[in-house]
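entry-v8.json (JSON, C-alpha atoms) appears below.
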[["chain", "number", "residue", "atom", "x", "y", "z"],
["I", 1, "MET", "CA", 0.00, 0.00, 0.00],
["I", 2, "SER", "CA", 1.37, 3.36, -0.93],
["I", 3, "ARG", "CA", 2.07, 5.86, 1.84],
["I", 4, "GLU", "CA", 0.75, 8.49, -0.56],
["I", 5, "THR", "CA", -2.80, 7.17, -0.33],
["I", 6, "LYS", "CA", -5.18, 9.85, 0.89],
["I", 7, "ALA", "CA", -8.56, 9.10, 2.41],
["I", 8, "PHE", "CA", -11.30, 11.67, 2.01],
["I", 9, "VAL", "CA", -14.82, 11.74, 3.41],
["I", 10, "ARG", "CA", -17.05, 14.40, 1.87],
["I", 11, "GLY", "CA", -14.00, 16.30, 0.67],
["I", 12, "VAL", "CA", -12.27, 16.34, 4.07],
["I", 13, "LYS", "CA", -8.95, 14.57, 4.62],
["I", 14, "VAL", "CA", -9.38, 11.90, 7.32],
["I", 15, "SER", "CA", -7.04, 9.69, 9.31],
["I", 16, "GLU", "CA", -5.73, 6.73, 7.30],
["I", 17, "ARG", "CA", -4.50, 4.68, 10.25],
["I", 18, "HIS", "CA", -5.61, 4.52, 13.91],
["I", 19, "GLY", "CA", -6.04, 8.22, 14.79],
["I", 20, "ALA", "CA", -9.76, 8.40, 14.02],
["I", 21, "GLY", "CA", -10.42, 5.17, 15.90],
["I", 22, "GLU", "CA", -8.61, 6.50, 18.98],
["I", 23, "TRP", "CA", -10.56, 9.78, 18.82],
["I", 24, "THR", "CA", -13.86, 7.90, 18.58],
["I", 25, "ALA", "CA", -12.92, 5.53, 21.43],
["I", 26, "GLU", "CA", -12.09, 8.48, 23.71],
["I", 27, "ARG", "CA", -15.46, 10.14, 23.02],
["I", 28, "LEU", "CA", -17.41, 6.89, 23.20],
["I", 29, "SER", "CA", -15.93, 5.99, 26.60],
["I", 30, "SER", "CA", -16.62, 9.55, 27.87],
["I", 31, "LEU", "CA", -20.22, 9.35, 26.72],
["I", 32, "ILE", "CA", -20.83, 5.99, 28.43],
["I", 33, "LEU", "CA", -19.08, 7.16, 31.60],
["I", 34, "VAL", "CA", -21.37, 10.19, 32.10],
["I", 35, "PRO", "CA", -24.39, 8.15, 33.35],
["I", 36, "LEU", "CA", -22.12, 5.52, 34.97],
["I", 37, "THR", "CA", -20.30, 8.23, 36.99],
["I", 38, "LEU", "CA", -23.61, 9.64, 38.25],
["I", 39, "TRP", "CA", -24.65, 6.11, 39.22],
["I", 40, "GLY", "CA", -21.25, 5.63, 40.92],
["I", 41, "LEU", "CA", -21.75, 8.79, 42.97],
["I", 42, "TRP", "CA", -25.09, 7.46, 44.10],
["I", 43, "GLY", "CA", -23.36, 4.17, 45.03],
["I", 44, "GLY", "CA", -20.69, 6.06, 46.96],
["I", 45, "TRP", "CA", -23.46, 7.91, 48.79],
["I", 46, "THR", "CA", -25.19, 4.62, 49.68],
["I", 47, "LEU", "CA", -21.99, 2.90, 50.81],
["I", 48, "SER", "CA", -20.61, 5.83, 52.87],
["I", 49, "GLY", "CA", -20.93, 4.90, 56.52],
["I", 50, "ALA", "CA", -22.81, 1.69, 55.61],
["I", 51, "GLY", "CA", -20.13, -0.47, 57.22],
["I", 52, "TYR", "CA", -19.05, -4.00, 56.29],
["I", 53, "ASP", "CA", -22.52, -5.56, 56.39],
["I", 54, "GLY", "CA", -24.08, -2.70, 54.44],
["I", 55, "ALA", "CA", -21.40, -3.01, 51.75],
["I", 56, "LEU", "CA", -21.86, -6.80, 51.48],
["I", 57, "ALA", "CA", -25.64, -6.33, 51.18],
["I", 58, "TRP", "CA", -25.06, -3.76, 48.39],
["I", 59, "PHE", "CA", -22.94, -6.26, 46.45],
["I", 60, "ARG", "CA", -25.57, -9.01, 46.68],
["I", 61, "SER", "CA", -27.66, -7.00, 44.20],
["I", 62, "PRO", "CA", -26.61, -8.27, 40.73],
["I", 63, "VAL", "CA", -27.45, -4.87, 39.20],
["I", 64, "ASN", "CA", -24.96, -3.15, 41.53],
["I", 65, "ALA", "CA", -22.24, -5.77, 40.97],
["I", 66, "VAL", "CA", -22.59, -5.75, 37.17],
["I", 67, "LEU", "CA", -22.81, -1.95, 36.89],
["I", 68, "LEU", "CA", -19.76, -1.54, 39.16],
["I", 69, "ALA", "CA", -17.72, -4.01, 37.07],
["I", 70, "VAL", "CA", -18.76, -2.22, 33.85],
["I", 71, "THR", "CA", -17.96, 1.20, 35.37],
["I", 72, "LEU", "CA", -14.55, 0.00, 36.55],
["I", 73, "LEU", "CA", -13.60, -1.56, 33.21],
["I", 74, "ILE", "CA", -14.72, 1.40, 31.08],
["I", 75, "SER", "CA", -13.05, 3.81, 33.51],
["I", 76, "LEU", "CA", -9.75, 1.91, 33.23],
["I", 77, "TRP", "CA", -10.04, 1.87, 29.44],
["I", 78, "HIS", "CA", -10.69, 5.65, 29.49],
["I", 79, "MET", "CA", -7.81, 6.13, 32.00],
["I", 80, "ASN", "CA", -5.43, 4.17, 29.78],
["I", 81, "MET", "CA", -6.28, 6.35, 26.77],
["I", 82, "GLY", "CA", -6.02, 9.57, 28.80],
["I", 83, "LEU", "CA", -2.63, 8.72, 30.30],
["I", 84, "LYS", "CA", -1.40, 7.62, 26.86],
["I", 85, "VAL", "CA", -2.23, 11.04, 25.43],
["I", 86, "ILE", "CA", -0.25, 12.73, 28.23],
["I", 87, "VAL", "CA", 2.77, 10.49, 27.59],
["I", 88, "ASP", "CA", 2.46, 11.12, 23.83],
["I", 89, "ASP", "CA", 2.46, 14.88, 24.48],
["I", 90, "TYR", "CA", 5.44, 15.10, 26.82],
["I", 91, "ILE", "CA", 7.68, 12.03, 26.41],
["I", 92, "HIS", "CA", 9.47, 12.08, 23.08],
["I", 93, "LYS", "CA", 12.27, 9.52, 23.53],
["I", 94, "PRO", "CA", 10.87, 6.35, 21.89],
["I", 95, "GLY", "CA", 12.38, 4.06, 24.56],
["I", 96, "SER", "CA", 10.99, 5.98, 27.55],
["I", 97, "ARG", "CA", 7.67, 6.46, 25.79],
["I", 98, "GLY", "CA", 7.29, 2.77, 25.03],
["I", 99, "ALA", "CA", 8.33, 1.74, 28.54],
["I", 100, "LEU", "CA", 5.88, 4.18, 30.16],
["I", 101, "LEU", "CA", 3.01, 3.13, 27.89],
["I", 102, "GLY", "CA", 3.74, -0.52, 28.68],
["I", 103, "LEU", "CA", 3.82, 0.20, 32.42],
["I", 104, "ILE", "CA", 0.54, 2.16, 32.28],
["I", 105, "GLY", "CA", -1.12, -0.62, 30.29],
["I", 106, "LEU", "CA", 0.11, -3.21, 32.77],
["I", 107, "VAL", "CA", -1.18, -1.23, 35.77],
["I", 108, "CYS", "CA", -4.59, -0.86, 34.08],
["I", 109, "LEU", "CA", -4.74, -4.59, 33.31],
["I", 110, "VAL", "CA", -3.79, -5.56, 36.88],
["I", 111, "LEU", "CA", -6.40, -3.16, 38.32],
["I", 112, "ALA", "CA", -9.05, -4.53, 35.94],
["I", 113, "ALA", "CA", -8.30, -8.18, 36.70],
["I", 114, "ALA", "CA", -8.07, -7.67, 40.47],
["I", 115, "GLY", "CA", -11.17, -5.44, 40.57],
["I", 116, "VAL", "CA", -13.36, -7.85, 38.61],
["I", 117, "PHE", "CA", -12.06, -10.80, 40.69],
["I", 118, "PHE", "CA", -13.06, -9.06, 43.95],
["I", 119, "ILE", "CA", -16.43, -7.90, 42.57],
["I", 120, "VAL", "CA", -17.33, -11.44, 41.42],
["I", 121, "ARG", "CA", -16.44, -12.90, 44.83],
["I", 122, "LEU", "CA", -18.45, -10.21, 46.64],
["I", 123, "ALA", "CA", -21.43, -10.67, 44.32],
["I", 124, "LEU", "CA", -21.40, -14.45, 44.84],
["I", 125, "GLY", "CA", -21.13, -14.03, 48.61],
["I", 126, "SER", "CA", -17.86, -16.01, 48.72],
["I", 127, "ALA", "CA", -16.08, -16.44, 52.05],
["I", 128, "PRO", "CA", -13.60, -13.67, 52.89],
["I", 129, "LEU", "CA", -10.17, -14.07, 51.28],
["I", 130, "PRO", "CA", -7.72, -15.73, 51.54],
["I", 131, "ALA", "CA", -10.22, -18.57, 51.98],
["I", 132, "GLY", "CA", -9.43, -21.48, 49.72],
["I", 133, "PHE", "CA", -6.09, -20.07, 48.65],
["I", 134, "GLY", "CA", -4.11, -22.17, 51.11],
["I", 135, "VAL", "CA", -2.97, -19.40, 53.42],
["E", 1, "MET", "CA", 23.38, 24.18, 1.20],
["E", 2, "SER", "CA", 21.67, 27.45, 1.86],
["E", 3, "SER", "CA", 22.34, 29.16, 5.17],
["E", 4, "PRO", "CA", 19.39, 29.94, 7.48],
["E", 5, "PRO", "CA", 17.61, 33.13, 6.43],
["E", 6, "VAL", "CA", 18.76, 36.12, 8.45],
["E", 7, "SER", "CA", 16.02, 38.26, 9.91],
["E", 8, "ARG", "CA", 16.10, 41.97, 9.06],
["E", 9, "ASP", "CA", 14.38, 42.64, 12.38],
["E", 10, "ALA", "CA", 17.16, 42.78, 14.99],
["E", 11, "ALA", "CA", 14.77, 42.35, 17.91],
["E", 12, "ASN", "CA", 13.58, 39.05, 16.46],
["E", 13, "ASP", "CA", 16.94, 37.78, 15.28],
["E", 14, "PRO", "CA", 16.85, 34.10, 16.25],
["E", 15, "THR", "CA", 20.63, 33.72, 15.99],
["E", 16, "ASN", "CA", 21.16, 36.32, 18.71],
["E", 17, "ASP", "CA", 18.32, 35.44, 21.01],
["E", 18, "GLN", "CA", 18.50, 36.57, 24.64],
["E", 19, "THR", "CA", 14.89, 35.85, 25.56],
["E", 20, "SER", "CA", 14.70, 32.02, 25.47],
["E", 21, "ARG", "CA", 12.07, 32.39, 22.80],
["E", 22, "CYS", "CA", 14.23, 30.37, 20.43],
["E", 23, "GLY", "CA", 15.75, 26.95, 20.60],
["E", 24, "ALA", "CA", 18.26, 24.93, 18.60],
["E", 25, "HIS", "CA", 16.75, 22.06, 16.68],
["E", 26, "PRO", "CA", 18.58, 18.73, 16.39],
["E", 27, "ASN", "CA", 19.73, 19.76, 12.90],
["E", 28, "GLY", "CA", 21.53, 22.73, 14.44],
["E", 29, "ARG", "CA", 19.21, 25.42, 13.16],
["E", 30, "VAL", "CA", 17.87, 27.99, 15.60],
["E", 31, "ARG", "CA", 14.12, 28.35, 15.38],
["E", 32, "PRO", "CA", 11.57, 30.30, 17.42],
["E", 33, "LEU", "CA", 9.78, 28.16, 20.03],
["E", 34, "SER", "CA", 6.04, 27.96, 20.07],
["E", 35, "PRO", "CA", 4.64, 29.93, 23.02],
["E", 36, "HIS", "CA", 4.67, 27.86, 26.19],
["E", 37, "LEU", "CA", 2.64, 28.02, 29.42],
["E", 38, "GLN", "CA", 4.55, 30.93, 30.94],
["E", 39, "ILE", "CA", 4.24, 32.96, 27.73],
["E", 40, "TRP", "CA", 0.48, 32.72, 27.29],
["E", 41, "ARG", "CA", -1.84, 35.10, 29.09],
["E", 42, "TRP", "CA", -4.08, 32.85, 31.17],
["E", 43, "HIS", "CA", -7.63, 32.56, 29.94],
["E", 44, "VAL", "CA", -10.40, 30.36, 31.21],
["E", 45, "THR", "CA", -10.60, 27.89, 28.32],
["E", 46, "MET", "CA", -6.91, 27.14, 28.78],
["E", 47, "ALA", "CA", -7.27, 26.81, 32.56],
["E", 48, "ALA", "CA", -10.28, 24.50, 32.13],
["E", 49, "SER", "CA", -8.39, 22.33, 29.65],
["E", 50, "ILE", "CA", -5.36, 21.99, 31.95],
["E", 51, "LEU", "CA", -7.70, 21.32, 34.89],
["E", 52, "ASN", "CA", -9.35, 18.50, 32.96],
["E", 53, "ARG", "CA", -5.99, 16.84, 32.37],
["E", 54, "MET", "CA", -4.92, 17.32, 36.01],
["E", 55, "THR", "CA", -8.18, 15.94, 37.43],
["E", 56, "GLY", "CA", -7.98, 12.99, 35.02],
["E", 57, "SER", "CA", -4.49, 12.15, 36.29],
["E", 58, "ALA", "CA", -5.68, 12.47, 39.89],
["E", 59, "LEU", "CA", -8.55, 10.09, 39.16],
["E", 60, "SER", "CA", -6.02, 7.44, 38.11],
["E", 61, "ALA", "CA", -4.92, 7.39, 41.75],
["E", 62, "GLY", "CA", -8.62, 7.26, 42.64],
["E", 63, "ALA", "CA", -9.01, 4.09, 40.53],
["E", 64, "VAL", "CA", -6.21, 2.45, 42.57],
["E", 65, "LEU", "CA", -7.98, 3.42, 45.81],
["E", 66, "VAL", "CA", -11.30, 2.00, 44.57],
["E", 67, "VAL", "CA", -9.63, -1.35, 43.80],
["E", 68, "LEU", "CA", -7.99, -1.23, 47.26],
["E", 69, "TRP", "CA", -11.48, -0.69, 48.71],
["E", 70, "LEU", "CA", -12.71, -3.80, 46.85],
["E", 71, "LEU", "CA", -9.68, -5.71, 48.10],
["E", 72, "ALA", "CA", -10.32, -4.73, 51.73],
["E", 73, "LEU", "CA", -13.99, -5.70, 51.42],
["E", 74, "ALA", "CA", -13.12, -9.07, 49.84],
["E", 75, "PHE", "CA", -10.67, -9.83, 52.67],
["E", 76, "GLY", "CA", -13.36, -9.67, 55.33],
["E", 77, "SER", "CA", -14.59, -7.51, 58.18],
["E", 78, "GLU", "CA", -11.22, -6.99, 59.91],
["E", 79, "ALA", "CA", -9.46, -5.84, 56.75],
["E", 80, "TYR", "CA", -12.47, -3.64, 55.94],
["E", 81, "ALA", "CA", -12.42, -2.06, 59.40],
["E", 82, "THR", "CA", -8.71, -1.23, 58.94],
["E", 83, "PHE", "CA", -9.44, 0.30, 55.52],
["E", 84, "THR", "CA", -12.41, 2.40, 56.67],
["E", 85, "GLY", "CA", -10.37, 3.43, 59.73],
["E", 86, "TRP", "CA", -7.71, 4.95, 57.45],
["E", 87, "MET", "CA", -10.17, 6.43, 54.97],
["E", 88, "GLY", "CA", -12.41, 7.81, 57.73],
["E", 89, "SER", "CA", -9.53, 9.68, 59.37],
["E", 90, "PRO", "CA", -9.32, 13.43, 58.70],
["E", 91, "LEU", "CA", -6.50, 12.87, 56.20],
["E", 92, "GLY", "CA", -8.42, 10.07, 54.50],
["E", 93, "LEU", "CA", -11.57, 12.18, 54.24],
["E", 94, "LEU", "CA", -9.49, 15.01, 52.75],
["E", 95, "VAL", "CA", -8.12, 12.61, 50.11],
["E", 96, "TRP", "CA", -11.63, 11.39, 49.24],
["E", 97, "PHE", "CA", -12.94, 14.96, 49.12],
["E", 98, "GLY", "CA", -10.12, 15.80, 46.71],
["E", 99, "LEU", "CA", -11.00, 12.80, 44.56],
["E", 100, "THR", "CA", -14.69, 13.75, 44.61],
["E", 101, "LEU", "CA", -13.75, 17.27, 43.53],
["E", 102, "ALA", "CA", -11.60, 15.84, 40.74],
["E", 103, "LEU", "CA", -14.46, 13.54, 39.71],
["E", 104, "PHE", "CA", -17.05, 16.35, 39.54],
["E", 105, "LEU", "CA", -14.63, 18.65, 37.68],
["E", 106, "HIS", "CA", -13.62, 15.92, 35.23],
["E", 107, "LEU", "CA", -17.26, 14.95, 34.68],
["E", 108, "ALA", "CA", -18.30, 18.55, 34.00],
["E", 109, "GLY", "CA", -15.18, 19.12, 31.89],
["E", 110, "GLY", "CA", -15.86, 15.92, 29.94],
["E", 111, "VAL", "CA", -19.41, 16.99, 29.16],
["E", 112, "ARG", "CA", -18.04, 20.38, 28.05],
["E", 113, "HIS", "CA", -15.60, 18.66, 25.69],
["E", 114, "LEU", "CA", -18.40, 16.46, 24.30],
["E", 115, "VAL", "CA", -20.46, 19.59, 23.61],
["E", 116, "TRP", "CA", -17.48, 21.13, 21.81],
["E", 117, "ASP", "CA", -16.77, 17.90, 19.90],
["E", 118, "ALA", "CA", -20.39, 17.97, 18.70],
["E", 119, "GLY", "CA", -19.58, 21.37, 17.18],
["E", 120, "SER", "CA", -21.56, 23.51, 19.63],
["E", 121, "GLY", "CA", -20.48, 26.33, 21.92],
["E", 122, "LEU", "CA", -17.34, 27.18, 19.99],
["E", 123, "SER", "CA", -17.74, 30.96, 19.79],
["E", 124, "LEU", "CA", -15.39, 32.84, 22.15],
["E", 125, "LYS", "CA", -18.23, 33.89, 24.43],
["E", 126, "ALA", "CA", -19.86, 30.46, 24.56],
["E", 127, "ALA", "CA", -16.53, 28.66, 25.07],
["E", 128, "ASP", "CA", -15.63, 30.97, 27.98],
["E", 129, "ALA", "CA", -19.10, 30.54, 29.49],
["E", 130, "LEU", "CA", -18.96, 26.74, 29.19],
["E", 131, "SER", "CA", -15.50, 26.69, 30.80],
["E", 132, "TRP", "CA", -16.64, 28.80, 33.76],
["E", 133, "LEU", "CA", -19.81, 26.73, 34.07],
["E", 134, "SER", "CA", -17.88, 23.44, 34.23],
["E", 135, "ILE", "CA", -15.38, 24.77, 36.80],
["E", 136, "VAL", "CA", -17.96, 26.39, 39.09],
["E", 137, "GLY", "CA", -20.42, 23.53, 38.59],
["E", 138, "GLY", "CA", -17.76, 20.95, 39.44],
["E", 139, "ILE", "CA", -16.75, 22.73, 42.66],
["E", 140, "VAL", "CA", -20.37, 23.34, 43.73],
["E", 141, "GLY", "CA", -21.27, 19.70, 43.02],
["E", 142, "ALA", "CA", -18.40, 18.28, 45.08],
["E", 143, "VAL", "CA", -18.97, 20.66, 48.02],
["E", 144, "ALA", "CA", -22.72, 19.95, 47.99],
["E", 145, "PHE", "CA", -22.11, 16.17, 47.87],
["E", 146, "TRP", "CA", -19.88, 16.33, 50.96],
["E", 147, "ALA", "CA", -22.11, 18.81, 52.78],
["E", 148, "LEU", "CA", -24.96, 16.32, 52.34],
["E", 149, "LEU", "CA", -22.73, 13.41, 53.46],
["E", 150, "PHE", "CA", -21.94, 15.25, 56.70],
["E", 151, "ALA", "CA", -25.48, 16.59, 57.15],
["E", 152, "SER", "CA", -26.98, 13.11, 56.79],
["E", 153, "GLY", "CA", -24.57, 11.71, 59.38],
["E", 154, "ARG", "CA", -23.09, 9.17, 56.92],
["E", 155, "VAL", "CA", -19.68, 10.74, 57.39],
["E", 156, "GLY", "CA", -18.37, 12.46, 60.50],
["E", 157, "LEU", "CA", -15.09, 13.66, 61.94]]
How would this structure read if it were set down as structure tokens?
Amino acid sequence: MSRETKAFVRGVKVSERHGAGEWTAERLSSLILVPLTLWGLWGGWTLSGAGYDGALAWFRSPVNAVLLAVTLLISLWHMNMGLKVIVDDYIHKPGSRGALLGLIGLVCLVLAAAGVFFIVRLALGSAPLPAGFGV
Amino acid sequence: MSSPPVSRDAANDPTNDQTSRCGAHPNGRVRPLSPHLQIWRWHVTMAASILNRMTGSALSAGAVLVVLWLLALAFGSEAYATFTGWMGSPLGLLVWFGLTLALFLHLAGGVRHLVWDAGSGLSLKAADALSWLSIVGGIVGAVAFWALLFASGRVGL
């Protein structure tokens, strides 16, 4: 494929590689997070001062557990894209940039995996950790 | 090879710059720098944009704290009591107020950017008004949220 190829939509030059997709993903995640953030604030209100039993009761509602998992995952996706833009803006050495982007991606993945793991256990009413993990 | 063009305007001569407005590029040529933070006169759209980036970064730390909250809850009542003990201390409450403020500001700022991305509110007057609205609205929202938390007795010092 020639690097000279130009893509036009209605006479306007558009991104030929991943730029347009990244732009759309940033806006799409923002749009979804608007109602989810308002719901999260309501959840924070409910859980404030509710104590251990109140929090466990909150998690036994499947709607709460599923919405919290969705909010966490989309937030981490949004966070990954936002931090990437900051690194792209200020870190110009390819090695440092790549290392930082890898580190940020890894942190987001670990937070996502750990968060969903805890949410699933809480939603299922599993025994407190480290139950069943041989400790 | 042609030499770099010499400016006729002595005050703007990039080869004899005393103002740090110019920088040497990797190819050795001296070129004027684009205006940076300390050069621009502050205006509200710029402040709101920087604020959105700062609050977004702060919320990354907030995401870590939320996962720590889940961890404490999943590890049982003792771990949860330790966690809420830290987070309910004056310092902990201050951290969570800061995160709430960042969340409200980032939410309002995000909506503002979505409005702009849809092509609305881009005149100078409307852009300034939207920026002020998102900043003031974000602060008022966070303060009101915490005032209600204290007033309802859910949170106390």
(message) Using all atoms listed in the file for the distances, tell me which of E:Ala129, E:Ala24, E:Leu99, E:Met46 is nearest to chain I.
(response) E:Leu99
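Taking all atoms listed in the file, the non-local environment of range 112-115 of chain I within 7 Å (same-chain residues fewer than 6 positions away omitted) comprises Leu73 of chain I; Val67 and Leu70 of chain E.
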Write a file of the just-selected residues containing C-alpha atoms, as a CSV table (one decimal), in the coordinates of the input.
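File part_10.csv, as written:
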chain,number,residue,atom,x,y,z
I,73,LEU,CA,-13.6,-1.6,33.2
E,67,VAL,CA,-9.6,-1.4,43.8
E,70,LEU,CA,-12.7,-3.8,46.8
(message) So that I can see what lies close to range 48-65 of chain E, please list as a PyMOL selection string the residues with an atom at most 10 Å from it, counting only C-alpha atoms and leaving out residues fewer than 2 positions away in the same chain.
(response) (chain I and resi 72+75-76+78-80+82-83+85-86+107-108+111-112+115) or (chain E and resi 43-46+67-71+87+95-96+98-110+112-113+128+130-135)
(request) Could you please determine the separation between CA of Phe83 in chain E and CA of Val110 in chain I in Å, to one decimal place? (result)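 Separation of CA of Phe83 in chain E and CA of Val110 in chain I: 20.3 Å.
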(request) Just give me the gap between CA of Val116 in chain I and CA of Phe97 in chain E in Å, one decimal is fine. (result)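 Computing it gives 25.1 Å between the two atoms.
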(message) List as a PyMOL selection string the protein and nucleic acid residues near range 65-68 of chain I, meaning an atom at most 8 Å away when all atoms listed in the file are counted, but skip any in the same chain fewer than 4 places from it.
(response) chain I and resi 36+40+59-61+72+119-120+123
(request) Tell me, as JSON, numbers by chain, which residues lie within 9 Å of range 144-153 of chain E, counting only C-alpha atoms; anything in the same chain fewer than 5 positions away does not count. (result) {"I": [41, 45, 48, 49], "E": [97, 100, 139]}
(message) Which residue is closest to chain E? Choose from I:Trp42, I:Ala20, I:Phe8, I:Val14 and count only C-alpha atoms.
(response)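 Smallest distance to chain E is found for I:Trp42.
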(request) Quote the spacing between CA of Phe75 in chain E and CA of Ile104 in chain I in Å to one decimal place. (result) 26.2 Å
Padding of 5 Å on every side, edges along x, y and z, all listed atoms of range 64-69 of chain I included: what centre and edge lengths in Å, to one decimal, does that box have, as lines of an AutoDock Vina configuration file?
center_x = -21.3
center_y = -3.7
center_z = 39.2
size_x = 17.2
size_y = 14.2
size_z = 14.6
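Using all atoms listed in the file, the smallest distance between any of E:Ala118, E:Ala81, E:Ala47, E:Val155 and Leu47 in chain I comes from E:Val155.
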